[in-house]
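Below is protein-v1.txt, which holds compact mmCIF, C-alpha atoms.
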```
# COMPACT_ATOMS: atom_id res chain seq x y z
CA MET A 18 3.45 -50.49 16.97
CA ALA A 19 0.80 -52.43 15.12
CA GLY A 20 -1.67 -49.59 15.01
CA ASP A 21 0.70 -46.98 13.59
CA LYS A 22 -0.72 -46.85 10.09
CA VAL A 23 -4.34 -46.44 11.08
CA ASP A 24 -3.89 -44.48 14.26
CA PRO A 25 -4.39 -40.80 13.48
CA VAL A 26 -3.58 -39.82 17.06
CA HIS A 27 -0.15 -41.34 17.07
CA GLN A 28 1.28 -38.19 15.48
CA PHE A 29 0.52 -36.25 18.67
CA VAL A 30 2.36 -38.58 21.01
CA VAL A 31 5.20 -36.92 22.88
CA ASN A 32 8.25 -39.16 22.97
CA LYS A 33 11.22 -38.65 25.22
CA ILE A 34 14.48 -38.20 23.40
CA VAL A 35 16.72 -37.22 26.30
CA PRO A 36 15.11 -38.05 29.65
CA ILE A 37 15.68 -35.27 32.17
CA GLU A 38 14.19 -35.23 35.62
CA ILE A 39 14.58 -32.34 38.04
CA GLY A 40 13.11 -32.54 41.52
CA GLY A 41 10.88 -35.43 40.58
CA ILE A 42 9.33 -33.51 37.66
CA ASP A 43 9.80 -34.78 34.15
CA PHE A 44 11.56 -32.12 32.04
CA SER A 45 12.69 -34.54 29.32
CA PHE A 46 13.82 -33.27 25.98
CA THR A 47 11.10 -34.69 23.75
CA ASN A 48 10.12 -34.64 20.10
CA ALA A 49 7.90 -31.68 21.04
CA SER A 50 10.97 -29.88 22.40
CA LEU A 51 12.89 -30.83 19.28
CA PHE A 52 10.28 -29.25 17.04
CA MET A 53 10.08 -26.17 19.25
CA PHE A 54 13.77 -25.76 18.55
CA ALA A 55 13.16 -26.51 14.88
CA THR A 56 10.53 -23.76 14.83
CA LEU A 57 12.92 -21.39 16.54
CA ALA A 58 15.72 -22.28 14.14
CA VAL A 59 13.70 -22.21 10.93
CA ALA A 60 11.89 -18.95 11.69
CA THR A 61 15.01 -17.18 12.93
CA ALA A 62 17.20 -18.49 10.12
CA PHE A 63 14.66 -17.46 7.50
CA LEU A 64 14.20 -13.95 8.86
CA TYR A 65 17.91 -13.53 9.53
CA LEU A 66 19.32 -14.94 6.30
CA THR A 67 16.80 -13.37 3.94
CA THR A 68 17.62 -9.94 5.30
CA SER A 69 21.38 -10.44 5.45
CA THR A 70 22.06 -8.52 2.22
CA ARG A 71 19.96 -5.57 3.44
CA SER A 72 19.18 -4.77 -0.18
CA LEU A 73 17.60 -1.44 -0.89
CA VAL A 74 15.56 -3.17 -3.56
CA PRO A 75 14.46 -6.41 -1.88
CA GLY A 76 14.59 -9.81 -3.52
CA ARG A 77 11.70 -12.24 -3.20
CA MET A 78 12.77 -13.77 0.07
CA GLN A 79 13.65 -10.46 1.66
CA SER A 80 10.24 -9.21 0.58
CA VAL A 81 8.59 -12.05 2.47
CA SER A 82 10.36 -11.05 5.67
CA GLU A 83 9.58 -7.39 5.15
CA ILE A 84 5.95 -8.10 4.35
CA SER A 85 5.57 -10.18 7.53
CA TYR A 86 7.09 -7.33 9.50
CA GLU A 87 4.88 -4.66 8.00
CA PHE A 88 1.83 -6.92 8.11
CA ILE A 89 2.11 -7.34 11.88
CA ALA A 90 3.08 -3.70 12.35
CA SER A 91 -0.03 -2.45 10.58
CA MET A 92 -2.20 -5.04 12.31
CA LEU A 93 -0.98 -3.89 15.72
CA ARG A 94 -1.23 -0.20 14.83
CA GLU A 95 -4.83 -0.64 13.70
CA GLY A 96 -5.71 -2.89 16.62
CA ALA A 97 -4.05 -1.13 19.52
CA GLY A 98 -3.01 2.26 18.18
CA SER A 99 0.45 3.77 18.19
CA HIS A 100 0.75 3.26 21.96
CA GLY A 101 0.44 -0.46 21.35
CA MET A 102 3.60 -0.50 19.23
CA LYS A 103 5.71 -1.30 22.29
CA PHE A 104 4.22 -4.80 22.04
CA PHE A 105 5.36 -5.17 18.45
CA PRO A 106 8.19 -7.64 19.24
CA MET A 107 5.77 -9.76 21.25
CA VAL A 108 3.05 -9.93 18.61
CA PHE A 109 5.60 -10.45 15.85
CA SER A 110 7.29 -13.28 17.79
CA LEU A 111 3.95 -14.93 18.55
CA PHE A 112 2.81 -14.71 14.94
CA MET A 113 6.07 -15.98 13.44
CA PHE A 114 6.44 -18.73 16.04
CA ILE A 115 2.90 -20.04 15.60
CA LEU A 116 2.99 -19.69 11.83
CA THR A 117 6.30 -21.54 11.58
CA ALA A 118 5.18 -24.24 14.01
CA ASN A 119 1.94 -24.72 12.04
CA MET A 120 3.76 -24.84 8.72
CA LEU A 121 6.41 -27.26 10.01
CA GLY A 122 3.57 -29.45 11.25
CA MET A 123 2.38 -29.80 7.65
CA VAL A 124 5.53 -31.72 6.72
CA PRO A 125 4.85 -35.46 6.91
CA TYR A 126 6.29 -37.17 10.01
CA PHE A 127 6.88 -33.81 11.67
CA PHE A 128 5.48 -33.09 15.08
CA THR A 129 3.02 -30.20 15.33
CA VAL A 130 3.96 -28.13 18.34
CA THR A 131 0.71 -26.15 18.27
CA SER A 132 -1.42 -29.28 18.43
CA GLN A 133 -0.61 -29.55 22.13
CA ILE A 134 -3.17 -27.77 24.29
CA ILE A 135 -0.56 -26.97 26.93
CA VAL A 136 1.53 -25.08 24.37
CA THR A 137 -1.32 -22.99 23.00
CA PHE A 138 -2.64 -22.43 26.51
CA ALA A 139 0.76 -21.23 27.66
CA LEU A 140 0.96 -18.81 24.73
CA ALA A 141 -2.58 -17.57 25.44
CA LEU A 142 -1.76 -17.11 29.13
CA PHE A 143 1.34 -15.21 28.12
CA VAL A 144 -0.86 -12.81 26.14
CA ILE A 145 -3.51 -12.41 28.84
CA GLY A 146 -0.81 -12.17 31.51
CA THR A 147 0.83 -9.37 29.56
CA VAL A 148 -2.53 -7.61 29.20
CA LEU A 149 -3.23 -7.88 32.93
CA PHE A 150 0.27 -6.95 34.03
CA TYR A 151 0.61 -3.98 31.69
CA GLY A 152 -2.98 -2.88 32.29
CA PHE A 153 -2.62 -2.70 36.06
CA TYR A 154 0.95 -1.40 35.87
CA LYS A 155 -0.01 1.47 33.57
CA HIS A 156 -3.52 2.34 34.72
CA GLY A 157 -3.67 0.92 38.24
CA LEU A 158 -7.23 0.25 39.25
CA GLY A 159 -8.34 2.29 36.25
CA PHE A 160 -7.70 -0.85 34.27
CA LEU A 161 -10.93 -2.23 35.75
CA ASN A 162 -12.74 0.20 33.44
CA VAL A 163 -12.26 -2.51 30.87
CA PHE A 164 -15.20 -4.28 32.50
CA VAL A 165 -17.40 -1.19 32.52
CA PRO A 166 -18.51 -0.22 29.03
CA SER A 167 -19.44 3.43 28.76
CA GLY A 168 -23.03 4.43 28.00
CA VAL A 169 -24.74 1.52 29.77
CA PRO A 170 -27.74 2.39 31.99
CA GLY A 171 -27.16 1.91 35.72
CA ILE A 172 -29.67 -0.88 36.13
CA LEU A 173 -27.98 -3.04 33.51
CA LEU A 174 -24.50 -2.32 34.77
CA PRO A 175 -24.12 -5.32 37.15
CA LEU A 176 -25.27 -7.68 34.42
CA VAL A 177 -23.01 -6.13 31.83
CA ILE A 178 -20.04 -6.19 34.18
CA ALA A 179 -20.67 -9.86 34.92
CA ILE A 180 -20.78 -10.60 31.19
CA GLU A 181 -17.59 -8.62 30.57
CA VAL A 182 -15.77 -10.43 33.36
CA ILE A 183 -16.84 -13.82 32.05
CA SER A 184 -15.85 -12.87 28.51
CA PHE A 185 -12.48 -11.68 29.77
CA LEU A 186 -11.90 -14.89 31.68
CA SER A 187 -12.86 -17.02 28.69
CA ARG A 188 -10.35 -15.28 26.46
CA PRO A 189 -7.31 -17.42 27.27
CA ILE A 190 -9.46 -20.52 26.87
CA SER A 191 -10.95 -19.52 23.52
CA LEU A 192 -7.60 -18.24 22.28
CA SER A 193 -5.78 -21.46 23.12
CA VAL A 194 -8.52 -23.94 22.25
CA ARG A 195 -9.12 -22.31 18.85
CA LEU A 196 -5.53 -22.80 17.76
CA PHE A 197 -5.09 -26.20 19.37
CA ALA A 198 -8.36 -27.65 18.09
CA ASN A 199 -7.87 -26.37 14.56
CA MET A 200 -4.43 -27.90 14.28
CA LEU A 201 -5.45 -31.14 15.97
CA ALA A 202 -8.64 -31.63 13.97
CA GLY A 203 -6.98 -30.74 10.70
CA HIS A 204 -4.16 -33.18 11.19
CA ILE A 205 -6.49 -35.96 12.30
CA THR A 206 -8.76 -35.38 9.29
CA LEU A 207 -5.79 -35.51 6.98
CA LYS A 208 -4.51 -38.68 8.56
CA VAL A 209 -7.90 -40.36 8.46
CA PHE A 210 -8.41 -39.68 4.76
CA ALA A 211 -4.84 -40.65 3.97
CA GLY A 212 -5.46 -43.84 5.98
CA PHE A 213 -8.47 -44.59 3.79
CA VAL A 214 -6.25 -44.37 0.73
CA ALA A 215 -3.81 -46.87 2.22
CA SER A 216 -6.40 -49.34 3.49
CA LEU A 217 -8.53 -49.22 0.31
CA GLY A 218 -5.40 -49.64 -1.77
CA THR A 219 -4.82 -53.08 -0.24
CA LEU A 220 -8.21 -54.33 -1.43
CA GLY A 221 -7.20 -55.05 -5.04
CA ALA A 222 -8.23 -53.32 -8.28
CA LEU A 223 -11.65 -52.14 -7.08
CA GLY A 224 -10.11 -50.79 -3.90
CA ILE A 225 -7.46 -48.86 -5.81
CA GLY A 226 -10.19 -47.31 -7.94
CA GLY A 227 -12.12 -46.41 -4.82
CA ALA A 228 -9.03 -45.00 -3.17
CA ILE A 229 -8.98 -42.14 -5.67
CA LEU A 230 -11.78 -40.32 -3.85
CA PRO A 231 -10.06 -40.10 -0.47
CA LEU A 232 -6.83 -39.30 -2.30
CA ILE A 233 -8.45 -36.25 -3.94
CA MET A 234 -9.87 -35.39 -0.55
CA THR A 235 -6.45 -35.65 1.05
CA VAL A 236 -4.90 -33.36 -1.55
CA ALA A 237 -7.70 -30.83 -1.13
CA LEU A 238 -7.45 -31.01 2.65
CA THR A 239 -3.71 -30.49 2.50
CA GLY A 240 -4.32 -27.21 0.69
CA LEU A 241 -6.98 -26.28 3.20
CA GLU A 242 -4.66 -27.11 6.09
CA PHE A 243 -1.97 -24.77 4.77
CA LEU A 244 -4.62 -22.06 4.69
CA VAL A 245 -5.74 -22.95 8.21
CA SER A 246 -2.13 -22.91 9.40
CA PHE A 247 -1.72 -19.35 8.24
CA LEU A 248 -5.20 -18.28 9.25
CA GLN A 249 -4.87 -19.53 12.81
CA ALA A 250 -1.55 -17.76 13.27
CA TYR A 251 -3.21 -14.63 11.89
CA VAL A 252 -6.26 -14.99 14.12
CA PHE A 253 -4.06 -15.50 17.16
CA ALA A 254 -2.10 -12.35 16.32
CA VAL A 255 -5.23 -10.28 15.60
CA LEU A 256 -6.87 -11.29 18.87
CA THR A 257 -3.63 -10.59 20.70
CA CYS A 258 -3.71 -7.08 19.23
CA MET A 259 -7.34 -6.62 20.33
CA TYR A 260 -6.62 -7.78 23.87
CA LEU A 261 -3.55 -5.57 24.06
CA ASN A 262 -5.76 -2.68 23.02
CA ASP A 263 -7.68 -3.21 26.26
CA ALA A 264 -4.44 -2.98 28.21
CA VAL A 265 -3.44 0.23 26.43
CA HIS A 266 -6.87 1.89 26.35
CA PRO A 267 -8.95 0.32 29.13
CA GLY A 268 -11.87 2.75 28.76
CA GLY A 269 -11.92 2.62 25.01
CA HIS A 270 -15.00 0.54 24.37
CA MET B 504 -13.81 -44.79 27.39
CA PHE B 505 -13.21 -41.43 28.97
CA VAL B 506 -10.46 -40.77 26.55
CA THR B 507 -12.49 -41.34 23.45
CA ALA B 508 -15.40 -39.37 24.83
CA ALA B 509 -13.24 -36.41 25.67
CA TYR B 510 -11.55 -36.65 22.35
CA ALA B 511 -14.78 -36.90 20.42
CA GLN B 512 -16.04 -33.86 22.25
CA SER B 513 -12.96 -31.81 21.57
CA THR B 514 -13.05 -32.53 17.89
CA THR B 515 -16.78 -32.30 17.30
CA THR B 516 -16.70 -28.73 18.58
CA GLU B 517 -14.70 -27.97 15.50
CA GLY B 518 -17.65 -28.17 13.14
CA ALA B 519 -19.24 -30.46 10.64
CA GLU B 520 -16.22 -31.18 8.53
CA THR B 521 -14.19 -32.63 11.32
CA HIS B 522 -17.21 -34.30 12.85
CA ASP B 523 -17.02 -37.13 10.37
CA ALA B 524 -13.36 -37.56 10.93
CA ALA B 525 -13.84 -37.55 14.65
CA ALA B 526 -16.58 -40.12 14.43
CA GLY B 527 -14.40 -42.32 12.27
CA GLU B 528 -11.56 -41.73 14.62
CA VAL B 529 -13.51 -42.85 17.67
CA HIS B 530 -14.00 -46.26 16.13
CA THR B 531 -10.39 -46.61 15.19
CA GLU B 532 -9.34 -45.52 18.62
CA THR B 533 -11.49 -48.00 20.44
CA GLY B 534 -10.63 -50.77 18.00
CA VAL B 535 -6.93 -50.52 17.49
CA ALA B 536 -5.03 -47.73 19.02
CA HIS B 537 -4.63 -48.61 22.62
CA GLU B 538 -3.54 -52.13 21.90
CA GLY B 539 -0.35 -50.59 20.55
CA GLY B 540 -0.41 -48.26 23.50
CA HIS B 541 0.94 -44.75 23.91
CA GLY B 542 2.56 -45.34 27.22
CA SER B 543 0.10 -43.73 29.59
CA GLY B 544 -2.89 -44.50 27.36
CA VAL B 545 -4.28 -40.97 27.62
CA PHE B 546 -5.16 -38.96 24.52
CA PRO B 547 -1.69 -37.49 23.88
CA PRO B 548 -2.45 -33.74 23.89
CA PHE B 549 -4.19 -34.17 27.27
CA ASP B 550 -1.42 -36.27 28.76
CA SER B 551 -0.50 -34.11 31.71
CA SER B 552 2.72 -36.02 32.34
CA THR B 553 4.26 -34.19 29.37
CA PHE B 554 3.03 -30.72 30.41
CA ALA B 555 5.96 -29.75 32.60
CA SER B 556 8.52 -30.66 29.96
CA GLN B 557 6.57 -28.92 27.20
CA LEU B 558 6.18 -25.77 29.29
CA LEU B 559 9.86 -25.68 30.11
CA TRP B 560 11.02 -26.15 26.54
CA LEU B 561 8.41 -23.77 25.21
CA ALA B 562 9.59 -21.14 27.68
CA ILE B 563 13.18 -21.71 26.58
CA THR B 564 12.53 -21.73 22.85
CA PHE B 565 9.93 -18.98 22.77
CA GLY B 566 11.99 -16.86 25.15
CA LEU B 567 15.00 -17.30 22.92
CA PHE B 568 12.89 -16.59 19.84
CA TYR B 569 11.50 -13.42 21.44
CA LEU B 570 15.02 -12.25 22.28
CA LEU B 571 16.31 -12.98 18.79
CA MET B 572 13.35 -11.22 17.22
CA SER B 573 13.45 -8.14 19.40
CA LYS B 574 17.25 -7.76 19.52
CA VAL B 575 18.41 -8.94 16.12
CA VAL B 576 15.82 -9.57 13.47
CA MET B 577 13.32 -6.79 14.03
CA PRO B 578 15.85 -3.96 14.35
CA ARG B 579 17.42 -5.28 11.17
CA ILE B 580 14.20 -5.38 9.15
CA GLY B 581 13.11 -2.09 10.68
CA GLY B 582 16.47 -0.63 9.70
CA ILE B 583 16.14 -1.87 6.13
CA LEU B 584 12.67 -0.38 5.81
CA GLU B 585 13.77 2.89 7.39
CA THR B 586 16.79 3.17 5.11
CA ARG B 587 14.56 2.52 2.14
CA ASN B 588 12.00 5.09 3.21
CA ASP B 589 14.77 7.61 3.84
CA THR B 590 16.28 6.92 0.45
CA ILE B 591 12.94 7.24 -1.28
CA ALA B 592 12.16 10.45 0.59
CA ARG B 593 15.58 11.85 -0.27
CA ASP B 594 15.25 10.89 -3.91
CA LEU B 595 11.82 12.45 -4.04
CA ASP B 596 13.23 15.61 -2.48
CA ASP B 597 16.01 15.66 -5.05
CA ALA B 598 13.53 15.17 -7.83
CA ALA B 599 11.32 17.93 -6.48
CA ARG B 600 14.32 20.25 -6.19
CA SER B 601 15.46 19.45 -9.72
CA LYS B 602 11.97 20.07 -10.97
CA ALA B 603 11.85 23.42 -9.18
CA GLU B 604 15.19 24.33 -10.73
CA ALA B 605 13.98 23.32 -14.16
CA ASP B 606 10.81 25.31 -13.67
CA ALA B 607 12.81 28.35 -12.59
CA ALA B 608 15.07 28.00 -15.64
CA ILE B 609 12.03 27.76 -17.90
CA ALA B 610 10.48 30.81 -16.26
CA ALA B 611 13.71 32.79 -16.67
CA TYR B 612 13.97 31.72 -20.28
CA GLU B 613 10.40 32.76 -20.98
CA GLN B 614 10.94 36.06 -19.26
CA GLU B 615 14.02 36.78 -21.30
CA LEU B 616 12.27 35.71 -24.43
CA ALA B 617 9.38 38.06 -23.65
CA ALA B 618 11.80 40.90 -22.89
CA ALA B 619 13.68 40.30 -26.13
CA LYS B 620 10.41 40.23 -28.04
CA ALA B 621 9.28 43.46 -26.44
CA LYS B 622 12.62 45.06 -27.22
CA GLY B 623 12.44 43.89 -30.81
CA ASN B 624 8.95 45.27 -31.15
CA ALA B 625 10.04 48.57 -29.66
CA ILE B 626 12.95 48.86 -32.09
CA ALA B 627 10.75 47.93 -35.00
CA SER B 628 8.01 50.38 -34.11
CA GLU B 629 10.59 53.09 -33.47
CA ALA B 630 12.12 52.52 -36.86
CA ARG B 631 8.69 52.47 -38.41
CA GLU B 632 7.73 55.73 -36.73
CA ALA B 633 10.98 57.37 -37.79
CA ALA B 634 10.55 56.21 -41.35
CA LYS B 635 6.97 57.39 -41.38
CA ALA B 636 7.90 60.79 -39.96
CA LYS B 637 10.68 61.16 -42.52
CA ALA B 638 8.36 60.18 -45.31
CA THR B 639 5.77 62.68 -44.14
CA ALA B 640 8.37 65.42 -43.90
CA ASP B 641 9.73 64.62 -47.35
CA ARG B 642 6.26 64.57 -48.76
CA THR B 643 5.35 67.93 -47.26
CA ALA B 644 8.61 69.41 -48.51
CA VAL B 645 8.05 68.08 -52.00
CA GLU B 646 4.46 69.21 -51.92
CA ALA B 647 5.50 72.65 -50.77
CA SER B 648 8.08 73.00 -53.52
CA LEU B 649 5.61 71.62 -56.03
CA ASN B 650 2.97 74.06 -54.87
CA LYS B 651 5.47 76.86 -55.18
CA LYS B 652 6.37 75.74 -58.67
CA ILE B 653 2.71 75.37 -59.56
CA SER B 654 1.81 78.82 -58.31
CA ALA B 655 4.83 80.29 -60.12
CA ALA B 656 3.78 78.50 -63.25
CA GLU B 657 0.21 79.63 -62.79
CA ALA B 658 1.39 83.18 -62.28
CA ARG B 659 3.43 82.94 -65.45
CA ILE B 660 0.53 81.44 -67.32
CA ALA B 661 -1.74 84.22 -66.11
CA ASP B 662 0.88 86.76 -67.06
CA ILE B 663 1.32 85.24 -70.49
CA LYS B 664 -2.42 84.97 -70.84
CA THR B 665 -3.03 88.65 -70.10
CA LYS B 666 -0.12 89.58 -72.31
CA ALA B 667 -1.50 87.36 -75.04
CA LEU B 668 -4.95 88.72 -74.60
CA ALA B 669 -3.59 92.22 -74.81
CA ASP B 670 -1.72 91.23 -77.94
CA VAL B 671 -4.94 89.72 -79.31
CA GLY B 672 -6.63 93.11 -78.91
CA ALA B 673 -3.83 94.86 -80.81
CA ILE B 674 -3.78 92.20 -83.50
CA ALA B 675 -7.54 92.32 -83.79
CA GLU B 676 -7.41 96.07 -84.11
CA GLU B 677 -4.75 95.92 -86.80
CA THR B 678 -6.60 93.13 -88.59
CA ALA B 679 -9.88 94.96 -88.25
CA THR B 680 -8.26 98.18 -89.56
CA ALA B 681 -6.79 96.31 -92.44
CA VAL B 682 -10.08 94.49 -93.16
CA VAL B 683 -12.06 97.68 -92.92
CA GLU B 684 -9.58 99.49 -95.21
CA GLN B 685 -9.82 96.75 -97.73
CA LEU B 686 -13.60 96.58 -97.54
CA ILE B 687 -14.53 100.18 -97.44
CA GLY B 688 -11.28 101.74 -98.45
CA GLY B 689 -11.67 104.50 -96.01
CA LYS B 690 -9.89 105.28 -92.85
CA VAL B 691 -11.51 104.41 -89.64
CA SER B 692 -10.40 105.95 -86.43
CA LYS B 693 -8.32 103.96 -84.13
CA ALA B 694 -10.66 104.52 -81.23
CA GLU B 695 -13.69 103.28 -83.09
CA ILE B 696 -11.95 100.12 -84.06
CA ALA B 697 -10.75 99.54 -80.52
CA SER B 698 -14.25 99.90 -79.09
CA ALA B 699 -15.68 97.65 -81.77
CA VAL B 700 -13.08 94.96 -81.10
CA LYS B 701 -13.67 95.28 -77.40
CA ALA B 702 -17.40 94.92 -77.96
CA SER B 703 -17.03 91.77 -80.06
CA ALA B 704 -14.49 90.31 -77.66
CA LYS B 705 -17.09 90.35 -74.92
```
Can you give me the file's structure in the form of structure tokens?
Amino acid sequence: MAGDKVDPVHQFVVNKIVPIEIGGIDFSFTNASLFMFATLAVATAFLYLTTSTRSLVPGRMQSVSEISYEFIASMLREGAGSHGMKFFPMVFSLFMFILTANMLGMVPYFFTVTSQIIVTFALALFVIGTVLFYGFYKHGLGFLNVFVPSGVPGILLPLVIAIEVISFLSRPISLSVRLFANMLAGHITLKVFAGFVASLGTLGALGIGGAILPLIMTVALTGLEFLVSFLQAYVFAVLTCMYLNDAVHPGGH
Amino acid sequence: MFVTAAYAQSTTTEGAETHDAAAGEVHTETGVAHEGGHGSGVFPPFDSSTFASQLLWLAITFGLFYLLMSKVVMPRIGGILETRNDTIARDLDDAARSKAEADAAIAAYEQELAAAKAKGNAIASEAREAAKAKATADRTAVEASLNKKISAAEARIADIKTKALADVGAIAEETATAVVEQLIGGKVSKAEIASAVKASAK
């Protein structure tokens, strides 16, 4: 492809590796699928291998696994209380999966799984679906209390309920778009500045001198993107905890 | 056109920093990208032809990941942490017990020390009292015997004194008789001399 070098969007293209078609629907194994498996493998292998010695006094790597575990545990306990701890595997899996996918995406030439809106939307729907399912399963219609904040005067109630319903419905959208857009924008920005370095570099001595600025920018942005990668996984997990809190304590506004 | 518009929108929502990039990107997109072509020509993340495949593989991988986490990894890490907490709690208990034992031993030691001290003091004061009593008794006995000796001596002295005084009277009478005989050559009666001596002795 002629435009490869200067096309910052090319990195998001999903290519078929093994074409599979079932019932007329395309279920091909793609580079996205490949990196989903890579995420699965890397995250599982890290967590599994670092804890294989089960040392009483943890080494560095084991500490990382333990810290992640306790980090999510305390986040969930603070966000949704001790009753929310039954969702611990779910929040932990979401956090580790997103974090690993984001971090893998930082490796040059690697596909970023979380830069696909369908992936983040599916994860967000999984969260909201769990909230809805568990909420109605546990509290029945009492779960609808989640839309009725306590201590609101009767006249305002219809308005407030409408706002609450809209905010609830927008949750899967905001949850998925936040992650998707952050990863997408970050990677495009990186690629654009890196592209400047390459194209300025071809313009002779003056161009090489001028290429230093975007190069510094690229280095700085790379650091920022690692931060964003972690932060977005964290934000996703925190919001998941907050939404799960609604499912566990629907009246607890 | 739709593609770039949608894309510009999606990125510009991300704030000022990415705005520039997005703007730059729009130009690149329109200029170059689609000549190379991405197959369908849609902005890749919004290419719905890949959605079904992505959903399927996400469900498979995330489902597998969830299972591995909840069945293998999390019980393992949880177990490690639990074992550690148990060990720490047990060690702390042991330490607390050892400390209690040490404290008890110290208390017993102090108690015994105090008892021994008290006993020592008692023995010492007893001995002191006994010695004092004996000394007092000895002193009174000595004093008594001394007093007896003194009174005996005084009695003897008084006896000797009276005897001596009596002797003095006789001697004075004899001397006076002799002196008077020598001086006046006559005899003076014994009674007169005795009364004269008695008178001068007063």
Spatial neighbours of Thr553 in chain B, 8 Å, all atoms listed in the file, chain gap at least 4 places, as a PyMOL selection string: (chain A and resi 31+43) or (chain B and resi 557)
Residues within 12 Å of (-8.5, -34.0, 3.1), counting only C-alpha atoms, listed as a count of residues only: 32
At most 8 Å to chain B: residues in chain A, all atoms listed in the file, as a count of residues only: 52
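As for CA of Ser246 in chain A and CA of Ser193 in chain A, they are spaced 14.3 Å apart.
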Spatial neighbours of range 165-180 of chain A, 12 Å, only C-alpha atoms, chain gap at least 3 places, as a ChimeraX atom specification: /A:159-162,183-187,263,267-270
Output of the above residues as a PDB file, keeping the file's coordinate frame, restricted to C-alpha atoms:
```pdb
ATOM      1  CA  GLY A 159      -8.340   2.290  36.250  1.00  0.00           C
ATOM      2  CA  PHE A 160      -7.700  -0.850  34.270  1.00  0.00           C
ATOM      3  CA  LEU A 161     -10.930  -2.230  35.750  1.00  0.00           C
ATOM      4  CA  ASN A 162     -12.740   0.200  33.440  1.00  0.00           C
ATOM      5  CA  ILE A 183     -16.840 -13.820  32.050  1.00  0.00           C
ATOM      6  CA  SER A 184     -15.850 -12.870  28.510  1.00  0.00           C
ATOM      7  CA  PHE A 185     -12.480 -11.680  29.770  1.00  0.00           C
ATOM      8  CA  LEU A 186     -11.900 -14.890  31.680  1.00  0.00           C
ATOM      9  CA  SER A 187     -12.860 -17.020  28.690  1.00  0.00           C
ATOM     10  CA  ASP A 263      -7.680  -3.210  26.260  1.00  0.00           C
ATOM     11  CA  PRO A 267      -8.950   0.320  29.130  1.00  0.00           C
ATOM     12  CA  GLY A 268     -11.870   2.750  28.760  1.00  0.00           C
ATOM     13  CA  GLY A 269     -11.920   2.620  25.010  1.00  0.00           C
ATOM     14  CA  HIS A 270     -15.000   0.540  24.370  1.00  0.00           C
TER      15      HIS A 270
END
```
